[in-house]
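Okay, work-v7.cif is below, mmCIF, N, CA and C atoms:
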```cif
data_model
#
loop_
_atom_site.label_atom_id
_atom_site.label_comp_id
_atom_site.auth_asym_id
_atom_site.auth_seq_id
_atom_site.Cartn_x
_atom_site.Cartn_y
_atom_site.Cartn_z
N MET A 1 -83.21 -44.18 -37.07
CA MET A 1 -83.15 -44.59 -35.69
C MET A 1 -84.48 -45.26 -35.34
N ALA A 2 -84.39 -46.38 -34.64
CA ALA A 2 -85.59 -47.08 -34.16
C ALA A 2 -85.51 -47.18 -32.65
N GLU A 3 -86.69 -47.19 -32.05
CA GLU A 3 -86.76 -47.21 -30.60
C GLU A 3 -87.85 -48.18 -30.18
N ILE A 4 -87.59 -48.91 -29.10
CA ILE A 4 -88.59 -49.82 -28.55
C ILE A 4 -88.56 -49.69 -27.04
N ALA A 5 -89.73 -49.67 -26.43
CA ALA A 5 -89.83 -49.54 -24.98
C ALA A 5 -90.67 -50.68 -24.43
N ARG A 6 -90.26 -51.13 -23.27
CA ARG A 6 -90.99 -52.18 -22.57
C ARG A 6 -91.07 -51.77 -21.11
N SER A 7 -92.24 -51.97 -20.49
CA SER A 7 -92.45 -51.57 -19.10
C SER A 7 -92.93 -52.74 -18.26
N ARG A 8 -92.71 -52.59 -16.96
CA ARG A 8 -93.16 -53.59 -16.00
C ARG A 8 -93.40 -52.89 -14.67
N THR A 9 -94.45 -53.30 -13.98
CA THR A 9 -94.71 -52.80 -12.64
C THR A 9 -93.99 -53.70 -11.65
N VAL A 10 -93.21 -53.08 -10.78
CA VAL A 10 -92.42 -53.81 -9.79
C VAL A 10 -93.00 -53.50 -8.41
N ALA A 11 -93.18 -54.52 -7.60
CA ALA A 11 -93.74 -54.36 -6.25
C ALA A 11 -92.64 -53.91 -5.29
N ALA A 12 -92.15 -52.70 -5.52
CA ALA A 12 -91.11 -52.11 -4.67
C ALA A 12 -91.12 -50.60 -4.90
N GLU A 13 -90.66 -49.88 -3.91
CA GLU A 13 -90.55 -48.41 -4.03
C GLU A 13 -89.45 -48.07 -5.04
N PRO A 14 -89.55 -46.89 -5.67
CA PRO A 14 -88.50 -46.50 -6.63
C PRO A 14 -87.09 -46.56 -6.04
N LYS A 15 -86.91 -46.17 -4.79
CA LYS A 15 -85.58 -46.21 -4.17
C LYS A 15 -85.02 -47.64 -4.12
N GLU A 16 -85.88 -48.61 -3.83
CA GLU A 16 -85.44 -50.01 -3.78
C GLU A 16 -85.03 -50.50 -5.16
N VAL A 17 -85.80 -50.12 -6.17
CA VAL A 17 -85.47 -50.51 -7.55
C VAL A 17 -84.19 -49.79 -7.98
N TRP A 18 -84.11 -48.50 -7.66
CA TRP A 18 -82.95 -47.71 -8.04
C TRP A 18 -81.66 -48.27 -7.44
N ASP A 19 -81.73 -48.70 -6.20
CA ASP A 19 -80.53 -49.23 -5.54
C ASP A 19 -79.96 -50.43 -6.30
N VAL A 20 -80.83 -51.25 -6.86
CA VAL A 20 -80.38 -52.40 -7.66
C VAL A 20 -79.83 -51.92 -9.00
N LEU A 21 -80.58 -51.06 -9.67
CA LEU A 21 -80.20 -50.59 -11.01
C LEU A 21 -78.92 -49.76 -10.98
N ALA A 22 -78.77 -48.92 -9.97
CA ALA A 22 -77.63 -48.01 -9.91
C ALA A 22 -76.34 -48.67 -9.44
N ASP A 23 -76.42 -49.91 -8.95
CA ASP A 23 -75.21 -50.66 -8.63
C ASP A 23 -74.69 -51.18 -9.97
N PHE A 24 -74.14 -50.27 -10.74
CA PHE A 24 -73.89 -50.45 -12.17
C PHE A 24 -73.04 -51.67 -12.51
N GLY A 25 -72.09 -51.99 -11.69
CA GLY A 25 -71.20 -53.11 -11.99
C GLY A 25 -71.79 -54.48 -11.72
N SER A 26 -72.94 -54.53 -11.06
CA SER A 26 -73.45 -55.84 -10.63
C SER A 26 -74.64 -56.35 -11.43
N ILE A 27 -74.81 -55.89 -12.64
CA ILE A 27 -75.95 -56.34 -13.45
C ILE A 27 -75.98 -57.86 -13.59
N SER A 28 -74.83 -58.50 -13.62
CA SER A 28 -74.79 -59.96 -13.78
C SER A 28 -75.38 -60.69 -12.58
N SER A 29 -75.53 -60.02 -11.45
CA SER A 29 -76.10 -60.67 -10.27
C SER A 29 -77.62 -60.76 -10.34
N TRP A 30 -78.25 -60.01 -11.25
CA TRP A 30 -79.71 -60.07 -11.36
C TRP A 30 -80.23 -60.27 -12.77
N ALA A 31 -79.42 -60.10 -13.79
CA ALA A 31 -79.87 -60.27 -15.18
C ALA A 31 -79.45 -61.65 -15.68
N ASP A 32 -80.41 -62.52 -15.92
CA ASP A 32 -80.11 -63.89 -16.34
C ASP A 32 -79.37 -64.00 -17.67
N ASN A 33 -79.46 -62.96 -18.50
CA ASN A 33 -78.79 -63.02 -19.80
C ASN A 33 -77.39 -62.40 -19.78
N VAL A 34 -76.88 -62.05 -18.59
CA VAL A 34 -75.54 -61.48 -18.46
C VAL A 34 -74.70 -62.46 -17.63
N ASP A 35 -73.60 -62.93 -18.24
CA ASP A 35 -72.75 -63.92 -17.57
C ASP A 35 -71.80 -63.30 -16.56
N HIS A 36 -71.30 -62.11 -16.86
CA HIS A 36 -70.33 -61.46 -15.98
C HIS A 36 -70.41 -59.95 -16.20
N SER A 37 -70.14 -59.20 -15.14
CA SER A 37 -70.08 -57.74 -15.27
C SER A 37 -69.15 -57.18 -14.21
N CYS A 38 -68.53 -56.07 -14.53
CA CYS A 38 -67.68 -55.38 -13.56
C CYS A 38 -67.47 -53.94 -14.02
N ILE A 39 -67.15 -53.08 -13.08
CA ILE A 39 -66.84 -51.69 -13.40
C ILE A 39 -65.46 -51.63 -14.03
N LEU A 40 -65.35 -50.93 -15.15
CA LEU A 40 -64.05 -50.71 -15.79
C LEU A 40 -63.39 -49.45 -15.25
N ASN A 41 -64.17 -48.36 -15.21
CA ASN A 41 -63.63 -47.13 -14.63
C ASN A 41 -64.75 -46.29 -14.05
N HIS A 42 -64.44 -45.64 -12.96
CA HIS A 42 -65.37 -44.71 -12.31
C HIS A 42 -64.99 -43.31 -12.77
N GLY A 43 -65.97 -42.59 -13.27
CA GLY A 43 -65.73 -41.19 -13.56
C GLY A 43 -65.82 -40.40 -12.28
N SER A 44 -65.51 -39.11 -12.34
CA SER A 44 -65.65 -38.28 -11.14
C SER A 44 -67.13 -38.14 -10.78
N GLU A 45 -67.97 -38.30 -11.75
CA GLU A 45 -69.43 -38.34 -11.58
C GLU A 45 -69.88 -39.70 -12.13
N PRO A 46 -71.09 -40.13 -11.80
CA PRO A 46 -71.56 -41.38 -12.41
C PRO A 46 -71.56 -41.34 -13.94
N VAL A 47 -71.90 -40.18 -14.52
CA VAL A 47 -71.87 -40.08 -15.98
C VAL A 47 -70.42 -40.27 -16.43
N GLY A 48 -70.24 -41.16 -17.39
CA GLY A 48 -68.90 -41.48 -17.87
C GLY A 48 -68.36 -42.79 -17.32
N THR A 49 -68.96 -43.28 -16.22
CA THR A 49 -68.54 -44.56 -15.66
C THR A 49 -68.83 -45.67 -16.68
N THR A 50 -67.91 -46.62 -16.78
CA THR A 50 -68.11 -47.73 -17.72
C THR A 50 -68.08 -49.06 -16.98
N ARG A 51 -68.82 -50.01 -17.57
CA ARG A 51 -68.78 -51.38 -17.07
C ARG A 51 -68.54 -52.32 -18.24
N ARG A 52 -67.93 -53.43 -17.92
CA ARG A 52 -67.71 -54.51 -18.88
C ARG A 52 -68.81 -55.53 -18.65
N VAL A 53 -69.45 -55.96 -19.73
CA VAL A 53 -70.53 -56.93 -19.65
C VAL A 53 -70.20 -58.09 -20.59
N GLN A 54 -70.27 -59.29 -20.05
CA GLN A 54 -70.01 -60.49 -20.84
C GLN A 54 -71.34 -61.21 -21.04
N ILE A 55 -71.71 -61.41 -22.31
CA ILE A 55 -72.92 -62.13 -22.67
C ILE A 55 -72.49 -63.23 -23.64
N GLY A 56 -72.39 -64.43 -23.12
CA GLY A 56 -71.85 -65.51 -23.94
C GLY A 56 -70.43 -65.18 -24.33
N ARG A 57 -70.14 -65.26 -25.64
CA ARG A 57 -68.79 -64.93 -26.11
C ARG A 57 -68.62 -63.45 -26.43
N ASN A 58 -69.68 -62.68 -26.26
CA ASN A 58 -69.64 -61.25 -26.59
C ASN A 58 -69.28 -60.41 -25.37
N THR A 59 -68.32 -59.52 -25.56
CA THR A 59 -67.92 -58.58 -24.51
C THR A 59 -68.32 -57.18 -24.94
N LEU A 60 -69.06 -56.50 -24.07
CA LEU A 60 -69.53 -55.15 -24.36
C LEU A 60 -69.03 -54.20 -23.29
N VAL A 61 -68.97 -52.94 -23.64
CA VAL A 61 -68.67 -51.88 -22.67
C VAL A 61 -69.87 -50.94 -22.68
N GLU A 62 -70.39 -50.66 -21.49
CA GLU A 62 -71.53 -49.77 -21.37
C GLU A 62 -71.10 -48.53 -20.60
N ARG A 63 -71.39 -47.35 -21.20
CA ARG A 63 -70.93 -46.07 -20.65
C ARG A 63 -72.15 -45.24 -20.24
N ILE A 64 -72.21 -44.86 -18.96
CA ILE A 64 -73.35 -44.07 -18.46
C ILE A 64 -73.37 -42.70 -19.14
N THR A 65 -74.56 -42.34 -19.66
CA THR A 65 -74.76 -41.04 -20.30
C THR A 65 -75.75 -40.17 -19.53
N GLU A 66 -76.54 -40.81 -18.65
CA GLU A 66 -77.51 -40.07 -17.83
C GLU A 66 -77.65 -40.80 -16.49
N PHE A 67 -77.63 -40.03 -15.42
CA PHE A 67 -77.75 -40.60 -14.08
C PHE A 67 -78.54 -39.63 -13.23
N ASP A 68 -79.83 -39.88 -13.09
CA ASP A 68 -80.72 -39.03 -12.32
C ASP A 68 -81.27 -39.88 -11.17
N PRO A 69 -80.63 -39.82 -9.99
CA PRO A 69 -80.97 -40.74 -8.91
C PRO A 69 -82.47 -40.92 -8.67
N THR A 70 -82.84 -42.14 -8.61
CA THR A 70 -84.18 -42.66 -8.37
C THR A 70 -85.11 -42.54 -9.56
N TRP A 71 -84.69 -41.92 -10.67
CA TRP A 71 -85.62 -41.73 -11.77
C TRP A 71 -85.12 -42.19 -13.13
N ALA A 72 -83.83 -42.05 -13.45
CA ALA A 72 -83.38 -42.41 -14.80
C ALA A 72 -81.90 -42.80 -14.82
N LEU A 73 -81.63 -43.83 -15.60
CA LEU A 73 -80.25 -44.27 -15.86
C LEU A 73 -80.18 -44.63 -17.34
N ALA A 74 -79.22 -44.05 -18.04
CA ALA A 74 -79.06 -44.35 -19.46
C ALA A 74 -77.60 -44.62 -19.76
N TYR A 75 -77.38 -45.46 -20.78
CA TYR A 75 -76.01 -45.78 -21.16
C TYR A 75 -75.94 -46.20 -22.62
N ASP A 76 -74.80 -45.89 -23.23
CA ASP A 76 -74.49 -46.35 -24.58
C ASP A 76 -73.79 -47.69 -24.47
N VAL A 77 -74.05 -48.54 -25.44
CA VAL A 77 -73.42 -49.86 -25.47
C VAL A 77 -72.39 -49.84 -26.59
N GLU A 78 -71.15 -50.17 -26.24
CA GLU A 78 -70.04 -50.17 -27.21
C GLU A 78 -69.54 -51.60 -27.37
N GLY A 79 -68.94 -51.89 -28.52
CA GLY A 79 -68.39 -53.21 -28.76
C GLY A 79 -69.26 -54.06 -29.66
N LEU A 80 -70.29 -53.47 -30.23
CA LEU A 80 -71.15 -54.17 -31.16
C LEU A 80 -70.58 -54.03 -32.58
N PRO A 81 -71.08 -54.79 -33.53
CA PRO A 81 -70.57 -54.64 -34.90
C PRO A 81 -70.59 -53.19 -35.38
N LYS A 82 -69.59 -52.82 -36.16
CA LYS A 82 -69.43 -51.42 -36.59
C LYS A 82 -70.63 -50.90 -37.39
N ARG A 83 -71.36 -51.79 -38.05
CA ARG A 83 -72.55 -51.36 -38.80
C ARG A 83 -73.61 -50.77 -37.88
N LEU A 84 -73.59 -51.18 -36.63
CA LEU A 84 -74.53 -50.67 -35.65
C LEU A 84 -73.91 -49.40 -35.05
N HIS A 85 -74.29 -48.25 -35.60
CA HIS A 85 -73.67 -46.99 -35.21
C HIS A 85 -73.90 -46.65 -33.75
N ARG A 86 -75.11 -46.92 -33.26
CA ARG A 86 -75.41 -46.57 -31.87
C ARG A 86 -76.45 -47.51 -31.31
N PHE A 87 -76.20 -47.93 -30.07
CA PHE A 87 -77.17 -48.70 -29.31
C PHE A 87 -77.20 -48.08 -27.92
N HIS A 88 -78.39 -47.74 -27.46
CA HIS A 88 -78.54 -46.97 -26.22
C HIS A 88 -79.70 -47.54 -25.43
N ASN A 89 -79.50 -47.73 -24.12
CA ASN A 89 -80.57 -48.14 -23.22
C ASN A 89 -80.85 -47.03 -22.23
N ARG A 90 -82.13 -46.84 -21.93
CA ARG A 90 -82.53 -45.84 -20.92
C ARG A 90 -83.60 -46.46 -20.03
N TRP A 91 -83.29 -46.53 -18.74
CA TRP A 91 -84.22 -47.02 -17.73
C TRP A 91 -84.87 -45.82 -17.06
N THR A 92 -86.19 -45.85 -16.89
CA THR A 92 -86.88 -44.81 -16.14
C THR A 92 -87.77 -45.48 -15.10
N LEU A 93 -87.90 -44.80 -13.96
CA LEU A 93 -88.72 -45.30 -12.86
C LEU A 93 -89.80 -44.27 -12.56
N ARG A 94 -91.00 -44.78 -12.28
CA ARG A 94 -92.12 -43.90 -11.93
C ARG A 94 -92.91 -44.56 -10.80
N ARG A 95 -93.02 -43.83 -9.70
CA ARG A 95 -93.78 -44.36 -8.56
C ARG A 95 -95.26 -44.35 -8.89
N VAL A 96 -95.93 -45.45 -8.57
CA VAL A 96 -97.38 -45.55 -8.73
C VAL A 96 -97.97 -45.96 -7.39
N GLN A 97 -99.26 -46.13 -7.35
CA GLN A 97 -99.95 -46.41 -6.08
C GLN A 97 -99.45 -47.67 -5.39
N ASN A 98 -99.72 -47.73 -4.11
CA ASN A 98 -99.37 -48.87 -3.25
C ASN A 98 -97.87 -49.13 -3.16
N GLY A 99 -97.05 -48.11 -3.36
CA GLY A 99 -95.61 -48.27 -3.22
C GLY A 99 -94.97 -49.06 -4.34
N ASN A 100 -95.63 -49.17 -5.46
CA ASN A 100 -95.07 -49.88 -6.62
C ASN A 100 -94.35 -48.90 -7.54
N THR A 101 -93.57 -49.46 -8.44
CA THR A 101 -92.80 -48.66 -9.39
C THR A 101 -92.99 -49.21 -10.80
N VAL A 102 -93.29 -48.33 -11.74
CA VAL A 102 -93.30 -48.73 -13.14
C VAL A 102 -91.90 -48.47 -13.68
N VAL A 103 -91.27 -49.53 -14.16
CA VAL A 103 -89.93 -49.45 -14.74
C VAL A 103 -90.08 -49.59 -16.25
N THR A 104 -89.49 -48.65 -16.98
CA THR A 104 -89.52 -48.71 -18.44
C THR A 104 -88.08 -48.77 -18.95
N LEU A 105 -87.84 -49.72 -19.83
CA LEU A 105 -86.54 -49.83 -20.50
C LEU A 105 -86.76 -49.50 -21.97
N THR A 106 -86.13 -48.42 -22.41
CA THR A 106 -86.23 -47.98 -23.80
C THR A 106 -84.89 -48.21 -24.47
N SER A 107 -84.90 -48.95 -25.57
CA SER A 107 -83.68 -49.21 -26.33
C SER A 107 -83.77 -48.49 -27.66
N THR A 108 -82.67 -47.84 -28.02
CA THR A 108 -82.59 -47.09 -29.27
C THR A 108 -81.47 -47.69 -30.12
N VAL A 109 -81.78 -47.94 -31.38
CA VAL A 109 -80.82 -48.51 -32.32
C VAL A 109 -80.68 -47.57 -33.49
N GLU A 110 -79.43 -47.29 -33.89
CA GLU A 110 -79.19 -46.45 -35.06
C GLU A 110 -78.17 -47.13 -35.96
N ILE A 111 -78.60 -47.38 -37.19
CA ILE A 111 -77.70 -47.99 -38.18
C ILE A 111 -77.42 -47.00 -39.30
N GLY A 112 -78.45 -46.37 -39.80
CA GLY A 112 -78.28 -45.42 -40.89
C GLY A 112 -79.61 -44.91 -41.38
N SER A 113 -79.58 -44.15 -42.47
CA SER A 113 -80.79 -43.50 -42.95
C SER A 113 -81.42 -44.17 -44.18
N GLY A 114 -80.74 -45.15 -44.77
CA GLY A 114 -81.29 -45.82 -45.95
C GLY A 114 -82.44 -46.75 -45.61
N PRO A 115 -83.26 -47.09 -46.59
CA PRO A 115 -84.42 -47.95 -46.35
C PRO A 115 -84.04 -49.32 -45.76
N MET A 116 -82.98 -49.94 -46.25
CA MET A 116 -82.56 -51.23 -45.72
C MET A 116 -82.03 -51.09 -44.30
N GLN A 117 -81.38 -49.99 -44.03
CA GLN A 117 -80.86 -49.75 -42.68
C GLN A 117 -82.02 -49.54 -41.70
N LYS A 118 -83.04 -48.83 -42.13
CA LYS A 118 -84.22 -48.62 -41.29
C LYS A 118 -84.92 -49.95 -41.02
N LEU A 119 -85.00 -50.80 -42.01
CA LEU A 119 -85.60 -52.12 -41.84
C LEU A 119 -84.78 -52.95 -40.85
N ALA A 120 -83.48 -52.89 -40.96
CA ALA A 120 -82.60 -53.61 -40.03
C ALA A 120 -82.76 -53.08 -38.60
N GLU A 121 -82.89 -51.78 -38.45
CA GLU A 121 -83.09 -51.20 -37.11
C GLU A 121 -84.35 -51.76 -36.45
N ARG A 122 -85.44 -51.84 -37.22
CA ARG A 122 -86.69 -52.37 -36.67
C ARG A 122 -86.55 -53.85 -36.33
N ALA A 123 -85.84 -54.60 -37.15
CA ALA A 123 -85.63 -56.02 -36.88
C ALA A 123 -84.82 -56.21 -35.59
N ILE A 124 -83.81 -55.42 -35.41
CA ILE A 124 -82.99 -55.51 -34.19
C ILE A 124 -83.85 -55.16 -32.97
N CYS A 125 -84.72 -54.18 -33.09
CA CYS A 125 -85.59 -53.81 -31.97
C CYS A 125 -86.52 -54.97 -31.60
N ARG A 126 -86.98 -55.73 -32.57
CA ARG A 126 -87.84 -56.89 -32.25
C ARG A 126 -87.07 -57.91 -31.42
N VAL A 127 -85.80 -58.10 -31.71
CA VAL A 127 -84.97 -59.02 -30.93
C VAL A 127 -84.73 -58.43 -29.54
N LEU A 128 -84.50 -57.14 -29.47
CA LEU A 128 -84.21 -56.48 -28.20
C LEU A 128 -85.37 -56.56 -27.22
N VAL A 129 -86.60 -56.60 -27.73
CA VAL A 129 -87.74 -56.63 -26.83
C VAL A 129 -87.71 -57.89 -25.96
N ARG A 130 -87.23 -58.99 -26.49
CA ARG A 130 -87.09 -60.21 -25.68
C ARG A 130 -86.01 -60.02 -24.61
N GLN A 131 -84.89 -59.43 -25.00
CA GLN A 131 -83.81 -59.18 -24.04
C GLN A 131 -84.26 -58.19 -22.95
N SER A 132 -85.04 -57.20 -23.35
CA SER A 132 -85.56 -56.23 -22.37
C SER A 132 -86.45 -56.93 -21.36
N GLY A 133 -87.25 -57.87 -21.82
CA GLY A 133 -88.11 -58.63 -20.91
C GLY A 133 -87.30 -59.39 -19.87
N VAL A 134 -86.19 -59.99 -20.29
CA VAL A 134 -85.32 -60.72 -19.36
C VAL A 134 -84.72 -59.76 -18.34
N LEU A 135 -84.27 -58.60 -18.80
CA LEU A 135 -83.69 -57.60 -17.89
C LEU A 135 -84.73 -57.08 -16.89
N LEU A 136 -85.93 -56.78 -17.38
CA LEU A 136 -86.98 -56.28 -16.49
C LEU A 136 -87.39 -57.33 -15.46
N THR A 137 -87.48 -58.58 -15.88
CA THR A 137 -87.83 -59.65 -14.95
C THR A 137 -86.77 -59.80 -13.86
N GLY A 138 -85.50 -59.79 -14.26
CA GLY A 138 -84.42 -59.90 -13.28
C GLY A 138 -84.41 -58.74 -12.30
N LEU A 139 -84.61 -57.53 -12.82
CA LEU A 139 -84.64 -56.34 -11.94
C LEU A 139 -85.81 -56.43 -10.97
N ALA A 140 -86.97 -56.86 -11.46
CA ALA A 140 -88.15 -56.98 -10.59
C ALA A 140 -87.91 -58.02 -9.51
N THR A 141 -87.38 -59.18 -9.90
CA THR A 141 -87.14 -60.24 -8.93
C THR A 141 -86.19 -59.79 -7.84
N ARG A 142 -85.08 -59.14 -8.20
CA ARG A 142 -84.12 -58.67 -7.20
C ARG A 142 -84.71 -57.57 -6.33
N SER A 143 -85.42 -56.62 -6.94
CA SER A 143 -85.98 -55.50 -6.17
C SER A 143 -87.06 -55.96 -5.21
N GLU A 144 -87.88 -56.89 -5.65
CA GLU A 144 -88.97 -57.37 -4.80
C GLU A 144 -88.42 -58.22 -3.65
N LYS A 145 -87.32 -58.94 -3.88
CA LYS A 145 -86.69 -59.69 -2.79
C LYS A 145 -86.12 -58.74 -1.75
N ALA A 146 -85.60 -57.60 -2.22
CA ALA A 146 -85.02 -56.62 -1.29
C ALA A 146 -86.09 -56.06 -0.35
N ARG A 147 -87.32 -56.05 -0.79
CA ARG A 147 -88.41 -55.51 0.01
C ARG A 147 -88.81 -56.47 1.13
N VAL A 148 -88.68 -57.76 0.91
CA VAL A 148 -89.14 -58.76 1.88
C VAL A 148 -88.30 -58.76 3.13
#
```
Is it possible to give me this structure as structure tokens?
Amino acid sequence: MAEIARSRTVAAEPKEVWDVLADFGSISSWADNVDHSCILNHGSEPVGTTRRVQIGRNTLVERITEFDPTWALAYDVEGLPKRLHRFHNRWTLRRVQNGNTVVTLTSTVEIGSGPMQKLAERAICRVLVRQSGVLLTGLATRSEKARV
């Protein structure tokens, strides 16, 4: 398993950032690398809720695995090639001085335990860091606009 984290300070309170992030079906409205998104099903709790995400010709399903209002949102990504056993994103928010929020996006990739699989996991994480940057920028832009 390989993991990569990327953080950004957002000029908004955690609640303002959370309101954007927790509107789970609307990621396409703020993430430039997502063409379309919608809720597939609502669970009785936020955990278990799924959304459909369209990125180019790729269709993914993301299932909430953790929902801690104002502090953490995590989800598994389904619909990737079968060799990729698990792909997981976890967003965390931390209030810092002057009403700002540090947002961290941690992505976890699991392919297998062999040396080549471990190498592939690290390579995928290097690609994901660019995608994480796009997601963090979009979240910051939307959250900071909400503050104005």
* Distance in Å - atom N of Ile39 of chain A versus atom C of Glu121 of chain A ->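 These atoms are spaced 29.0 Å apart.
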* To do: Give as a list in words the set of residues within 12 Å of the point (-85.2, -58.5, -28.8), where distances use the file's coordinates and only C-alpha atoms.
  =>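 Here is the list of nearby residues: Glu3, Ile4, Ala5, Arg6, Asn33, Thr106, Ser107, Thr108, Val109, Glu121, Arg122, Ala123, Ile124, Cys125, Arg126, Val127, Leu128, Val129, Arg130, Gln131, Ser132, Gly133, Val134 and Leu135 of chain A.
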* Asked: Residues of segment 88-124 of chain A in strand (DSSP E or B) according to DSSP, as a PyMOL selection string?
  -> chain A and resi 88-96+100-110
Could those residues be written to a file, using N, CA and C atoms, as a PDB file, in the frame of the given file?
```pdb
ATOM      1  N   HIS A  88     -78.390 -47.740 -27.460  1.00  0.00           N
ATOM      2  CA  HIS A  88     -78.540 -46.970 -26.220  1.00  0.00           C
ATOM      3  C   HIS A  88     -79.700 -47.540 -25.430  1.00  0.00           C
ATOM      4  N   ASN A  89     -79.500 -47.730 -24.120  1.00  0.00           N
ATOM      5  CA  ASN A  89     -80.570 -48.140 -23.220  1.00  0.00           C
ATOM      6  C   ASN A  89     -80.850 -47.030 -22.230  1.00  0.00           C
ATOM      7  N   ARG A  90     -82.130 -46.840 -21.930  1.00  0.00           N
ATOM      8  CA  ARG A  90     -82.530 -45.840 -20.920  1.00  0.00           C
ATOM      9  C   ARG A  90     -83.600 -46.460 -20.030  1.00  0.00           C
ATOM     10  N   TRP A  91     -83.290 -46.530 -18.740  1.00  0.00           N
ATOM     11  CA  TRP A  91     -84.220 -47.020 -17.730  1.00  0.00           C
ATOM     12  C   TRP A  91     -84.870 -45.820 -17.060  1.00  0.00           C
ATOM     13  N   THR A  92     -86.190 -45.850 -16.890  1.00  0.00           N
ATOM     14  CA  THR A  92     -86.880 -44.810 -16.140  1.00  0.00           C
ATOM     15  C   THR A  92     -87.770 -45.480 -15.100  1.00  0.00           C
ATOM     16  N   LEU A  93     -87.900 -44.800 -13.960  1.00  0.00           N
ATOM     17  CA  LEU A  93     -88.720 -45.300 -12.860  1.00  0.00           C
ATOM     18  C   LEU A  93     -89.800 -44.270 -12.560  1.00  0.00           C
ATOM     19  N   ARG A  94     -91.000 -44.780 -12.280  1.00  0.00           N
ATOM     20  CA  ARG A  94     -92.120 -43.900 -11.930  1.00  0.00           C
ATOM     21  C   ARG A  94     -92.910 -44.560 -10.800  1.00  0.00           C
ATOM     22  N   ARG A  95     -93.020 -43.830  -9.700  1.00  0.00           N
ATOM     23  CA  ARG A  95     -93.780 -44.360  -8.560  1.00  0.00           C
ATOM     24  C   ARG A  95     -95.260 -44.350  -8.890  1.00  0.00           C
ATOM     25  N   VAL A  96     -95.930 -45.450  -8.570  1.00  0.00           N
ATOM     26  CA  VAL A  96     -97.380 -45.550  -8.730  1.00  0.00           C
ATOM     27  C   VAL A  96     -97.970 -45.960  -7.390  1.00  0.00           C
ATOM     28  N   ASN A 100     -95.630 -49.170  -5.460  1.00  0.00           N
ATOM     29  CA  ASN A 100     -95.070 -49.880  -6.620  1.00  0.00           C
ATOM     30  C   ASN A 100     -94.350 -48.900  -7.540  1.00  0.00           C
ATOM     31  N   THR A 101     -93.570 -49.460  -8.440  1.00  0.00           N
ATOM     32  CA  THR A 101     -92.800 -48.660  -9.390  1.00  0.00           C
ATOM     33  C   THR A 101     -92.990 -49.210 -10.800  1.00  0.00           C
ATOM     34  N   VAL A 102     -93.290 -48.330 -11.740  1.00  0.00           N
ATOM     35  CA  VAL A 102     -93.300 -48.730 -13.140  1.00  0.00           C
ATOM     36  C   VAL A 102     -91.900 -48.470 -13.680  1.00  0.00           C
ATOM     37  N   VAL A 103     -91.270 -49.530 -14.160  1.00  0.00           N
ATOM     38  CA  VAL A 103     -89.930 -49.450 -14.740  1.00  0.00           C
ATOM     39  C   VAL A 103     -90.080 -49.590 -16.250  1.00  0.00           C
ATOM     40  N   THR A 104     -89.490 -48.650 -16.980  1.00  0.00           N
ATOM     41  CA  THR A 104     -89.520 -48.710 -18.440  1.00  0.00           C
ATOM     42  C   THR A 104     -88.080 -48.770 -18.950  1.00  0.00           C
ATOM     43  N   LEU A 105     -87.840 -49.720 -19.830  1.00  0.00           N
ATOM     44  CA  LEU A 105     -86.540 -49.830 -20.500  1.00  0.00           C
ATOM     45  C   LEU A 105     -86.760 -49.500 -21.970  1.00  0.00           C
ATOM     46  N   THR A 106     -86.130 -48.420 -22.410  1.00  0.00           N
ATOM     47  CA  THR A 106     -86.230 -47.980 -23.800  1.00  0.00           C
ATOM     48  C   THR A 106     -84.890 -48.210 -24.470  1.00  0.00           C
ATOM     49  N   SER A 107     -84.900 -48.950 -25.570  1.00  0.00           N
ATOM     50  CA  SER A 107     -83.680 -49.210 -26.330  1.00  0.00           C
ATOM     51  C   SER A 107     -83.770 -48.490 -27.660  1.00  0.00           C
ATOM     52  N   THR A 108     -82.670 -47.840 -28.020  1.00  0.00           N
ATOM     53  CA  THR A 108     -82.590 -47.090 -29.270  1.00  0.00           C
ATOM     54  C   THR A 108     -81.470 -47.690 -30.120  1.00  0.00           C
ATOM     55  N   VAL A 109     -81.780 -47.940 -31.380  1.00  0.00           N
ATOM     56  CA  VAL A 109     -80.820 -48.510 -32.320  1.00  0.00           C
ATOM     57  C   VAL A 109     -80.680 -47.570 -33.490  1.00  0.00           C
ATOM     58  N   GLU A 110     -79.430 -47.290 -33.890  1.00  0.00           N
ATOM     59  CA  GLU A 110     -79.190 -46.450 -35.060  1.00  0.00           C
ATOM     60  C   GLU A 110     -78.170 -47.130 -35.960  1.00  0.00           C
TER      61      GLU A 110
END
```
* To do: Report as a list in words the residues that result from applying the PyMOL selection byres ((chain A and resi 19-27) around 8) to the structure here.
  =>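 That expression, the PyMOL selection byres ((chain A and resi 19-27) around 8), corresponds here to Glu13, Pro14, Lys15, Glu16, Val17, Trp18, Ser28, Ser29, Trp30, Ala31, Asp32, Asn33, Val34, Asp35, His36, Ser37, Cys38, Ile39, Leu40, Thr50, Arg51, Arg52, Thr70, Leu73, Leu139, Arg142 and Ser143 of chain A.
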* Asked: So which residues of segment 98-144 of chain A fall under alpha helix (DSSP H) by DSSP, listed as a PyMOL selection string?
  -> chain A and resi 115-144
* **Hits of the PyMOL selection byres (((chain A and resi 75 and name CA) around 7) and name CA) in this structure, as a PyMOL selection string** => chain A and resi 62-66+73-74+76-77+88-90
* Starting from the shown file, work through the PyMOL selection byres ((chain A and resi 8) around 8) and note down what comes out as a PyMOL selection string. => chain A and resi 5-7+9-11+101-105+136-137+140
* To do: Just give me the gap between atom N of Phe87 of chain A and atom C of Ala12 of chain A in Å, one decimal is fine.
  =>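 Result for atom N of Phe87 of chain A versus atom C of Ala12 of chain A: 29.4 Å, one decimal.
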* Asked: Between atom CA of Gln117 of chain A and atom N of Trp91 of chain A, what is the distance, to one decimal in Å?
  ->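 Distance reported for this atom pair: 24.3 Å.
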* Which is closest to Val47 of chain A among A:Met116, A:Leu93, A:Ala72, A:Leu84, if we use only C-alpha atoms? -> A:Ala72
